[in-house]
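Asks: What follows is the file upload-v5.txt, containing compact mmCIF, C-alpha atoms:
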# COMPACT_ATOMS: atom_id res chain seq x y z
CA MET A 1 -236.56 -41.27 -106.48
CA ARG A 2 -239.02 -39.72 -108.91
CA GLY A 3 -237.52 -36.61 -107.33
CA MET A 4 -234.56 -36.97 -109.68
CA PHE A 5 -236.90 -35.53 -112.31
CA THR A 6 -237.30 -32.43 -110.15
CA CYS A 7 -233.53 -32.20 -109.69
CA GLY A 8 -233.10 -32.14 -113.46
CA VAL A 9 -235.65 -29.33 -113.75
CA THR A 10 -234.18 -27.19 -110.98
CA ASP A 11 -230.60 -27.64 -112.19
CA VAL A 12 -231.57 -26.32 -115.64
CA LEU A 13 -233.36 -23.35 -114.08
CA MET A 14 -230.30 -22.52 -111.98
CA GLU A 15 -227.94 -22.96 -114.95
CA ASN A 16 -230.01 -20.44 -116.87
CA GLY A 17 -230.06 -17.86 -114.11
CA ILE A 18 -233.75 -18.22 -113.31
CA THR A 19 -234.30 -17.30 -109.68
CA PHE A 20 -237.34 -17.08 -107.45
CA ASP A 21 -238.44 -15.15 -104.40
CA ALA A 22 -239.43 -18.37 -102.66
CA ALA A 23 -239.70 -22.12 -103.04
CA ALA A 24 -241.47 -24.87 -101.14
CA GLY A 25 -240.48 -28.52 -100.91
CA VAL A 26 -242.35 -31.57 -99.68
CA SER A 27 -240.76 -34.96 -98.92
CA ALA A 28 -238.12 -35.56 -101.61
CA GLY A 29 -238.81 -32.01 -102.77
CA ALA A 30 -237.57 -30.77 -99.40
CA VAL A 31 -234.35 -32.76 -99.18
CA PHE A 32 -233.44 -32.18 -102.84
CA GLY A 33 -234.99 -28.74 -103.25
CA CYS A 34 -232.81 -27.19 -100.54
CA ASN A 35 -230.03 -27.16 -103.13
CA ILE A 36 -231.90 -24.39 -104.95
CA LYS A 37 -231.30 -22.06 -102.02
CA SER A 38 -227.67 -23.15 -101.63
CA ARG A 39 -227.27 -22.86 -105.43
CA GLN A 40 -225.49 -26.22 -105.67
CA ILE A 41 -226.16 -27.32 -109.23
CA GLY A 42 -225.80 -31.07 -109.69
CA ARG A 43 -225.35 -31.89 -106.01
CA ALA A 44 -228.53 -33.92 -105.52
CA ILE A 45 -228.07 -36.19 -108.54
CA ARG A 46 -224.37 -36.55 -107.70
CA TYR A 47 -224.73 -37.83 -104.15
CA ASN A 48 -227.78 -39.94 -104.95
CA LYS A 49 -225.89 -41.80 -107.68
CA LYS A 50 -222.76 -42.13 -105.57
CA TYR A 51 -224.39 -43.47 -102.42
CA CYS A 52 -227.58 -45.15 -103.62
CA LYS A 53 -226.06 -48.62 -103.23
CA ASN A 54 -224.90 -47.91 -99.68
CA TYR A 55 -227.19 -49.81 -97.32
CA ARG A 56 -227.44 -46.74 -95.06
CA PHE A 57 -228.92 -44.84 -98.00
CA GLY A 58 -232.14 -46.81 -98.27
CA SER A 59 -232.51 -50.47 -97.31
CA PHE A 60 -234.41 -52.78 -95.01
CA ARG A 61 -231.08 -53.49 -93.32
CA SER A 62 -230.95 -49.81 -92.41
CA LEU A 63 -234.60 -49.93 -91.29
CA ILE A 64 -233.88 -52.85 -88.95
CA LYS A 65 -230.66 -51.37 -87.57
CA SER A 66 -231.67 -47.72 -87.23
CA GLY A 67 -235.47 -47.60 -87.46
CA ASP A 68 -235.23 -45.59 -90.70
CA PHE A 69 -235.11 -46.93 -94.26
CA TYR A 70 -232.82 -43.97 -94.97
CA GLU A 71 -230.53 -43.81 -91.96
CA ALA A 72 -230.82 -40.36 -90.41
CA ASP A 73 -227.17 -40.04 -89.34
CA PHE A 74 -225.92 -40.90 -92.82
CA CYS A 75 -228.41 -38.77 -94.76
CA TYR A 76 -228.60 -35.72 -92.52
CA ARG A 77 -225.10 -35.58 -91.04
CA ALA A 78 -222.53 -37.63 -92.93
CA ILE A 79 -223.55 -36.56 -96.44
CA PRO A 80 -224.13 -32.82 -95.84
CA ASP A 81 -221.25 -32.42 -93.36
CA GLU A 82 -218.57 -34.69 -94.83
CA LEU A 83 -219.28 -36.62 -98.02
CA ASP A 84 -220.93 -33.98 -100.26
CA VAL A 85 -220.83 -30.81 -98.24
CA PHE A 86 -223.96 -28.67 -98.11
CA ASP A 87 -223.03 -25.01 -98.61
CA ARG A 88 -224.67 -23.48 -95.56
CA ASP A 89 -223.13 -20.06 -96.14
CA ALA A 90 -224.67 -19.84 -99.61
CA PHE A 91 -227.96 -21.20 -98.24
CA THR A 92 -228.04 -18.53 -95.53
CA ASN A 93 -227.06 -15.66 -97.80
CA ASN A 94 -229.48 -16.44 -100.62
CA PRO A 95 -232.58 -14.24 -100.06
CA LEU A 96 -234.84 -16.95 -101.53
CA GLU A 97 -237.29 -18.10 -98.86
CA PHE A 98 -237.39 -21.91 -98.60
CA TYR A 99 -240.40 -23.55 -96.98
CA ILE A 100 -240.89 -27.14 -95.88
CA VAL A 101 -244.09 -29.07 -95.19
CA ALA A 102 -244.42 -31.94 -92.72
CA THR A 103 -247.42 -33.70 -91.19
CA ASP A 104 -248.24 -33.48 -87.48
CA VAL A 105 -248.93 -37.07 -86.41
CA ILE A 106 -250.90 -36.02 -83.33
CA ASN A 107 -253.66 -34.11 -85.10
CA GLY A 108 -253.03 -34.92 -88.76
CA GLU A 109 -252.47 -31.29 -89.76
CA PRO A 110 -249.80 -29.92 -92.10
CA ARG A 111 -247.02 -27.93 -90.46
CA TYR A 112 -245.05 -25.36 -92.42
CA TYR A 113 -241.54 -24.20 -91.64
CA LYS A 114 -239.35 -21.49 -93.14
CA CYS A 115 -235.69 -22.50 -93.28
CA SER A 116 -232.97 -20.12 -92.13
CA ASP A 117 -229.36 -21.34 -92.15
CA GLY A 118 -229.33 -24.96 -93.30
CA GLY A 119 -228.32 -26.00 -89.79
CA LYS A 120 -229.47 -28.81 -87.53
CA ARG A 121 -232.99 -27.46 -87.05
CA ASP A 122 -233.53 -26.97 -90.78
CA LEU A 123 -232.24 -30.48 -91.48
CA LEU A 124 -234.58 -31.97 -88.88
CA TRP A 125 -237.51 -30.38 -90.68
CA MET A 126 -236.23 -31.71 -94.00
CA GLN A 127 -235.89 -35.15 -92.45
CA ALA A 128 -239.41 -34.92 -91.04
CA SER A 129 -240.87 -33.89 -94.40
CA ALA A 130 -239.20 -36.89 -96.08
CA SER A 131 -239.96 -39.47 -93.37
CA MET A 132 -242.20 -41.99 -95.10
CA PRO A 133 -244.84 -43.74 -92.98
CA LEU A 134 -243.89 -47.33 -92.08
CA LEU A 135 -240.30 -46.76 -93.25
CA SER A 136 -239.27 -43.99 -90.86
CA LYS A 137 -239.39 -43.02 -87.23
CA VAL A 138 -241.46 -40.04 -86.19
CA VAL A 139 -239.27 -36.91 -86.05
CA ASP A 140 -239.61 -34.62 -83.04
CA VAL A 141 -238.74 -30.97 -83.66
CA ASP A 142 -240.00 -27.63 -82.28
CA GLY A 143 -242.53 -29.40 -80.08
CA TYR A 144 -244.10 -31.29 -82.97
CA SER A 145 -244.04 -35.00 -83.84
CA LEU A 146 -243.82 -35.20 -87.62
CA LEU A 147 -243.86 -37.46 -90.67
CA ASP A 148 -243.97 -37.04 -94.47
CA GLY A 149 -245.44 -33.72 -95.57
CA GLY A 150 -247.04 -35.38 -98.57
CA ILE A 151 -249.62 -37.00 -96.32
CA MET A 152 -251.48 -33.72 -95.86
CA ASP A 153 -250.19 -31.29 -98.50
CA THR A 154 -248.52 -32.97 -101.44
CA VAL A 155 -248.11 -29.76 -103.47
CA PRO A 156 -248.29 -26.62 -101.28
CA TYR A 157 -249.33 -24.17 -104.01
CA ALA A 158 -252.24 -22.85 -101.92
CA TYR A 159 -249.93 -22.15 -98.99
CA MET A 160 -247.54 -20.23 -101.21
CA GLU A 161 -250.39 -18.28 -102.79
CA ASN A 162 -251.64 -17.35 -99.33
CA LEU A 163 -248.18 -15.97 -98.57
CA GLY A 164 -248.57 -13.70 -101.59
CA PHE A 165 -246.61 -15.60 -104.25
CA ARG A 166 -248.87 -15.46 -107.28
CA LYS A 167 -246.69 -16.55 -110.20
CA ASN A 168 -245.73 -20.11 -109.40
CA VAL A 169 -243.76 -22.73 -111.31
CA ILE A 170 -245.01 -26.10 -110.07
CA VAL A 171 -242.92 -29.23 -110.61
CA LEU A 172 -244.75 -32.57 -110.45
CA THR A 173 -243.31 -36.07 -110.79
CA GLN A 174 -246.37 -37.77 -112.25
CA PRO A 175 -247.65 -37.27 -115.81
CA LEU A 176 -250.82 -35.44 -116.78
CA GLY A 177 -253.90 -37.53 -116.02
CA TYR A 178 -252.37 -39.55 -113.20
CA LYS A 179 -254.88 -40.34 -110.45
CA LYS A 180 -253.88 -41.65 -107.08
CA LYS A 181 -255.74 -44.63 -105.64
CA LYS A 182 -256.35 -45.42 -102.00
CA SER A 183 -253.24 -46.96 -100.46
CA GLY A 184 -253.17 -50.74 -100.32
CA ALA A 185 -251.05 -50.48 -97.17
CA MET A 186 -253.94 -49.28 -94.98
CA PRO A 187 -253.98 -52.51 -92.90
CA LEU A 188 -250.30 -51.93 -92.08
CA PHE A 189 -250.97 -48.31 -91.14
CA HIS A 190 -253.62 -49.50 -88.69
CA ILE A 191 -251.07 -51.80 -87.08
CA PHE A 192 -247.88 -49.74 -87.04
CA LEU A 193 -249.39 -46.26 -86.69
CA ARG A 194 -252.14 -47.19 -84.24
CA LYS A 195 -250.82 -44.57 -81.77
CA TYR A 196 -251.60 -41.90 -84.37
CA PRO A 197 -255.23 -42.32 -85.49
CA ALA A 198 -255.27 -38.88 -87.11
CA VAL A 199 -252.50 -39.94 -89.49
CA ILE A 200 -254.29 -43.19 -90.30
CA GLN A 201 -257.40 -41.21 -91.20
CA ALA A 202 -255.31 -38.82 -93.33
CA MET A 203 -253.67 -41.70 -95.18
CA GLY A 204 -257.11 -43.13 -95.88
CA ARG A 205 -258.13 -39.87 -97.54
CA ARG A 206 -254.81 -38.96 -99.09
CA HIS A 207 -255.80 -40.05 -102.60
CA GLU A 208 -258.83 -37.72 -102.45
CA MET A 209 -256.66 -34.78 -101.37
CA TYR A 210 -254.08 -35.51 -104.04
CA ASN A 211 -256.58 -35.83 -106.88
CA ARG A 212 -258.31 -32.60 -105.79
CA GLN A 213 -254.95 -30.82 -105.80
CA MET A 214 -254.17 -32.08 -109.29
CA LYS A 215 -257.51 -30.72 -110.56
CA GLU A 216 -256.86 -27.35 -108.95
CA ILE A 217 -253.37 -27.26 -110.45
CA ARG A 218 -254.76 -28.04 -113.92
CA ASP A 219 -257.23 -25.16 -113.44
CA ARG A 220 -254.38 -22.80 -112.59
CA GLU A 221 -252.43 -24.04 -115.58
CA ALA A 222 -255.38 -23.53 -117.91
CA SER A 223 -255.90 -19.94 -116.71
CA TYR A 224 -252.15 -19.25 -116.98
CA ASP A 225 -251.87 -18.60 -113.24
CA ALA A 226 -249.10 -21.20 -112.99
CA ILE A 227 -246.58 -23.03 -115.12
CA VAL A 228 -246.62 -26.77 -114.48
CA ILE A 229 -243.66 -28.96 -115.39
CA ARG A 230 -244.40 -32.67 -115.30
CA PRO A 231 -242.99 -35.82 -116.96
CA PRO A 232 -244.35 -36.56 -120.44
CA LYS A 233 -245.18 -40.10 -119.27
CA ASP A 234 -244.80 -42.33 -116.24
CA LEU A 235 -241.17 -42.22 -115.12
CA GLY A 236 -241.10 -45.96 -114.52
CA ILE A 237 -238.80 -45.78 -111.51
CA GLY A 238 -239.31 -47.26 -108.06
CA ARG A 239 -239.72 -44.94 -105.09
CA THR A 240 -236.51 -46.28 -103.56
CA SER A 241 -234.54 -47.25 -106.67
CA LYS A 242 -230.86 -48.03 -106.11
CA ASP A 243 -229.81 -48.09 -109.77
CA PRO A 244 -227.54 -45.13 -110.67
CA LYS A 245 -228.41 -45.50 -114.35
CA GLU A 246 -232.12 -45.21 -113.59
CA LEU A 247 -231.54 -42.15 -111.42
CA GLU A 248 -229.56 -40.53 -114.25
CA ARG A 249 -232.25 -41.46 -116.79
CA VAL A 250 -234.98 -39.77 -114.76
CA TYR A 251 -232.75 -36.77 -114.06
CA GLN A 252 -232.18 -36.31 -117.80
CA ILE A 253 -235.93 -36.42 -118.46
CA GLY A 254 -236.30 -33.54 -116.02
CA ARG A 255 -233.55 -31.61 -117.76
CA SER A 256 -235.12 -32.19 -121.17
CA GLU A 257 -238.54 -30.99 -120.04
CA ALA A 258 -237.08 -27.89 -118.38
CA LEU A 259 -235.04 -27.01 -121.48
CA ARG A 260 -238.07 -27.52 -123.70
CA ARG A 261 -240.20 -25.24 -121.52
CA LEU A 262 -237.49 -22.65 -120.85
CA PRO A 263 -238.82 -19.95 -123.23
CA GLU A 264 -242.31 -20.37 -121.79
CA ILE A 265 -241.01 -20.14 -118.23
CA ARG A 266 -239.05 -16.98 -119.04
CA LYS A 267 -242.11 -15.36 -120.58
CA PHE A 268 -244.34 -16.34 -117.67
CA LEU A 269 -241.90 -14.88 -115.14
CA GLY A 270 -241.24 -11.77 -117.21
CA ILE A 271 -237.55 -12.56 -117.70
CA GLU A 272 -235.91 -11.18 -120.83
Using structure tokens, write down the structure from this file.
Replies:
Amino acid sequence: MRGMFTCGVTDVLMENGITFDAAAGVSAGAVFGCNIKSRQIGRAIRYNKKYCKNYRFGSFRSLIKSGDFYEADFCYRAIPDELDVFDRDAFTNNPLEFYIVATDVINGEPRYYKCSDGGKRDLLWMQASASMPLLSKVVDVDGYSLLDGGIMDTVPYAYMENLGFRKNVIVLTQPLGYKKKKSGAMPLFHIFLRKYPAVIQAMGRRHEMYNRQMKEIRDREASYDAIVIRPPKDLGIGRTSKDPKELERVYQIGRSEALRRLPEIRKFLGIE
């Protein structure tokens, strides 16, 4: 739910007519970031606040009943199809390219996917990217078995650069100076993910990958090769918070940071 910060940032960018050739989302960044391509300002914070107390939208009851902490049918069918409709026509017609990252549990490699129409296949990739280890079932799509993209590529700036996108606005949900430590859940990974040794190894090294990425991002920021928007301090919200007021608080922090940086972003992107 630190992703509510990102939602605040992206809503401000959309409100101010700032568009991009492409965007990439990982985990929460995939399931919330898709609203950039569908141009649905406010949708992510709206449905998160409305349904966060629903047991199907994040609970151990859901995990026991469905095998997913966030029930797949509720999150990837009921909400986008019925409760807060995802504008697939706008998603399809927007020329912005939207990429998703997930982790292949068989070999521990990142898998990248370019969305097309916001349909079932796209949503399966979004689900896969946001499927947290221990709290989600493995998602099978396009011949791959996938989990959270953040395991192998938390911030896919290098992938986007390799595609030719050189002026990147990077949104992070941790403050400057944050360093990730090795997960204390490693014993549980060895038990519950024992069929996927490559993922266990990746989780054991994830903190090293993440901290290396943060250094590389700071280097890009220092050389003005990227704009980085991050919280001014720790957001102080749980990963699965179910408090609408907390979600709104974090969303507003994202809005404030985006508004504060708006002139700088416009200059960086060459927007008058």
Asks: My list of candidates is A:Ile106, A:Ile200, A:Leu188, A:Val250. Which is closest to A:Ile237 when distances are computed with all atoms listed in the file?
Replies: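 Among the listed residues, the smallest separation from A:Ile237 belongs to A:Val250.
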Asks: Point out the residue among A:Asp148, A:Asp104, A:Glu248, A:Asp142 with the least atom-to-atom distance to A:Lys120, counting only C-alpha atoms.
Replies: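 Selected residue with least distance to A:Lys120: A:Asp142.
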Asks: Can you tell me which residues surround stretch 214-226 of chain A at a distance of at most 12 Å, considering only C-alpha atoms, apart from same-chain residues fewer than 6 positions away, and format the answer as a PyMOL selection string?
Replies: chain A and resi 153-158+160-161+165-180+207-208+264-265+267-269
Asks: A:Tyr196: which residues within 12 Å, counting only C-alpha atoms, same-chain residues fewer than 3 positions away excluded, as JSON, numbers by chain?
Replies: {"A": [103, 104, 105, 106, 107, 108, 109, 133, 138, 145, 146, 147, 189, 190, 191, 192, 193, 199, 200, 201, 202, 203]}
Asks: Using all atoms listed in the file, which residue out of A:Arg230, A:Arg206, A:Asp122, A:Ser129 lies closest to A:Glu257?
Replies: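 Among the listed residues, the smallest separation from A:Glu257 belongs to A:Arg230.
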Asks: Using all atoms listed in the file, which residue out of A:Ala128, A:Ala30, A:Cys115, A:Met209 lies closest to A:Phe91?
Replies: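 So, comparing all the options, the nearest one is A:Cys115.
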Asks: Report as a VMD selection string all protein, DNA and RNA residues lying within 12 Å of A:Gly17, evaluated on all atoms listed in the file, omitting residues in the same chain fewer than 5 positions from it.
Replies: chain A and resid 10 to 12 36 39 41 262 265 to 266 271 to 272
Asks: In Å, how far is it from atom CA of A:Leu247 to atom CA of A:Asp73?
Replies: 22.6 Å
Asks: Would you mind listing what lies within 10 Å of A:Gly67 as a VMD selection string, with all atoms listed in the file counted and same-chain residues fewer than 5 positions away left out?
Replies: chain A and resid 60 to 62 72 134 to 138
Asks: Between atom CA of A:Pro187 and atom CA of A:Arg2, what is the spacing in Å?
Replies: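 The value is 25.4 Å.
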Asks: Give me stretch 136-147 of chain A with all heavy atoms filled in, as an mmCIF file, in the frame of the given file.
Replies:
data_model
loop_
_atom_site.group_PDB
_atom_site.id
_atom_site.type_symbol
_atom_site.label_atom_id
_atom_site.label_comp_id
_atom_site.auth_asym_id
_atom_site.auth_seq_id
_atom_site.Cartn_x
_atom_site.Cartn_y
_atom_site.Cartn_z
ATOM 1 N N SER A 136 -240.033 -44.992 -91.591
ATOM 2 C CA SER A 136 -239.270 -43.990 -90.860
ATOM 3 C C SER A 136 -239.834 -43.809 -89.455
ATOM 4 O O SER A 136 -241.028 -44.008 -89.214
ATOM 5 C CB SER A 136 -239.322 -42.632 -91.576
ATOM 6 O OG SER A 136 -238.979 -42.743 -92.932
ATOM 7 N N LYS A 137 -238.963 -43.399 -88.562
ATOM 8 C CA LYS A 137 -239.390 -43.020 -87.230
ATOM 9 C C LYS A 137 -240.016 -41.624 -87.280
ATOM 10 O O LYS A 137 -239.672 -40.810 -88.136
ATOM 11 C CB LYS A 137 -238.199 -43.009 -86.262
ATOM 12 C CG LYS A 137 -237.614 -44.380 -85.980
ATOM 13 C CD LYS A 137 -236.472 -44.321 -84.983
ATOM 14 C CE LYS A 137 -235.245 -43.627 -85.539
ATOM 15 N NZ LYS A 137 -234.060 -43.742 -84.659
ATOM 16 N N VAL A 138 -240.910 -41.374 -86.343
ATOM 17 C CA VAL A 138 -241.460 -40.040 -86.190
ATOM 18 C C VAL A 138 -240.330 -39.098 -85.773
ATOM 19 O O VAL A 138 -239.469 -39.445 -84.966
ATOM 20 C CB VAL A 138 -242.594 -40.037 -85.138
ATOM 21 C CG1 VAL A 138 -243.014 -38.623 -84.779
ATOM 22 C CG2 VAL A 138 -243.787 -40.837 -85.660
ATOM 23 N N VAL A 139 -240.308 -37.898 -86.350
ATOM 24 C CA VAL A 139 -239.270 -36.910 -86.050
ATOM 25 C C VAL A 139 -239.845 -35.845 -85.125
ATOM 26 O O VAL A 139 -240.879 -35.237 -85.426
ATOM 27 C CB VAL A 139 -238.746 -36.249 -87.347
ATOM 28 C CG1 VAL A 139 -237.722 -35.165 -87.018
ATOM 29 C CG2 VAL A 139 -238.129 -37.302 -88.263
ATOM 30 N N ASP A 140 -239.182 -35.629 -84.001
ATOM 31 C CA ASP A 140 -239.610 -34.620 -83.040
ATOM 32 C C ASP A 140 -238.769 -33.362 -83.214
ATOM 33 O O ASP A 140 -237.543 -33.398 -83.102
ATOM 34 C CB ASP A 140 -239.461 -35.143 -81.614
ATOM 35 C CG ASP A 140 -240.402 -36.294 -81.311
ATOM 36 O OD1 ASP A 140 -241.595 -36.184 -81.657
ATOM 37 O OD2 ASP A 140 -239.947 -37.310 -80.741
ATOM 38 N N VAL A 141 -239.432 -32.240 -83.492
ATOM 39 C CA VAL A 141 -238.740 -30.970 -83.660
ATOM 40 C C VAL A 141 -239.703 -29.831 -83.349
ATOM 41 O O VAL A 141 -240.880 -29.887 -83.726
ATOM 42 C CB VAL A 141 -238.148 -30.826 -85.088
ATOM 43 C CG1 VAL A 141 -239.217 -30.985 -86.150
ATOM 44 C CG2 VAL A 141 -237.418 -29.514 -85.253
ATOM 45 N N ASP A 142 -239.219 -28.828 -82.623
ATOM 46 C CA ASP A 142 -240.000 -27.630 -82.280
ATOM 47 C C ASP A 142 -241.321 -27.964 -81.595
ATOM 48 O O ASP A 142 -242.326 -27.266 -81.780
ATOM 49 C CB ASP A 142 -240.273 -26.796 -83.538
ATOM 50 C CG ASP A 142 -239.020 -26.106 -84.057
ATOM 51 O OD1 ASP A 142 -238.027 -26.027 -83.302
ATOM 52 O OD2 ASP A 142 -239.027 -25.652 -85.222
ATOM 53 N N GLY A 143 -241.329 -29.029 -80.803
ATOM 54 C CA GLY A 143 -242.530 -29.400 -80.080
ATOM 55 C C GLY A 143 -243.541 -30.194 -80.872
ATOM 56 O O GLY A 143 -244.613 -30.542 -80.357
ATOM 57 N N TYR A 144 -243.218 -30.500 -82.121
ATOM 58 C CA TYR A 144 -244.100 -31.290 -82.970
ATOM 59 C C TYR A 144 -243.535 -32.696 -83.161
ATOM 60 O O TYR A 144 -242.320 -32.901 -83.097
ATOM 61 C CB TYR A 144 -244.265 -30.642 -84.347
ATOM 62 C CG TYR A 144 -244.839 -29.257 -84.332
ATOM 63 C CD1 TYR A 144 -244.110 -28.178 -84.828
ATOM 64 C CD2 TYR A 144 -246.121 -29.008 -83.851
ATOM 65 C CE1 TYR A 144 -244.636 -26.894 -84.830
ATOM 66 C CE2 TYR A 144 -246.661 -27.728 -83.852
ATOM 67 C CZ TYR A 144 -245.904 -26.675 -84.339
ATOM 68 O OH TYR A 144 -246.431 -25.408 -84.335
ATOM 69 N N SER A 145 -244.421 -33.646 -83.431
ATOM 70 C CA SER A 145 -244.040 -35.000 -83.840
ATOM 71 C C SER A 145 -244.500 -35.150 -85.280
ATOM 72 O O SER A 145 -245.707 -35.065 -85.568
ATOM 73 C CB SER A 145 -244.698 -36.047 -82.939
ATOM 74 O OG SER A 145 -244.240 -35.910 -81.602
ATOM 75 N N LEU A 146 -243.544 -35.390 -86.204
ATOM 76 C CA LEU A 146 -243.820 -35.200 -87.620
ATOM 77 C C LEU A 146 -243.447 -36.393 -88.487
ATOM 78 O O LEU A 146 -242.533 -37.148 -88.170
ATOM 79 C CB LEU A 146 -243.059 -33.971 -88.127
ATOM 80 C CG LEU A 146 -243.287 -32.649 -87.383
ATOM 81 C CD1 LEU A 146 -242.267 -31.601 -87.811
ATOM 82 C CD2 LEU A 146 -244.709 -32.138 -87.616
ATOM 83 N N LEU A 147 -244.170 -36.522 -89.601
ATOM 84 C CA LEU A 147 -243.860 -37.460 -90.670
ATOM 85 C C LEU A 147 -244.019 -36.733 -92.009
ATOM 86 O O LEU A 147 -244.237 -35.528 -92.068
ATOM 87 C CB LEU A 147 -244.769 -38.698 -90.614
ATOM 88 C CG LEU A 147 -244.410 -39.785 -89.585
ATOM 89 C CD1 LEU A 147 -245.478 -40.879 -89.580
ATOM 90 C CD2 LEU A 147 -243.032 -40.396 -89.876
#
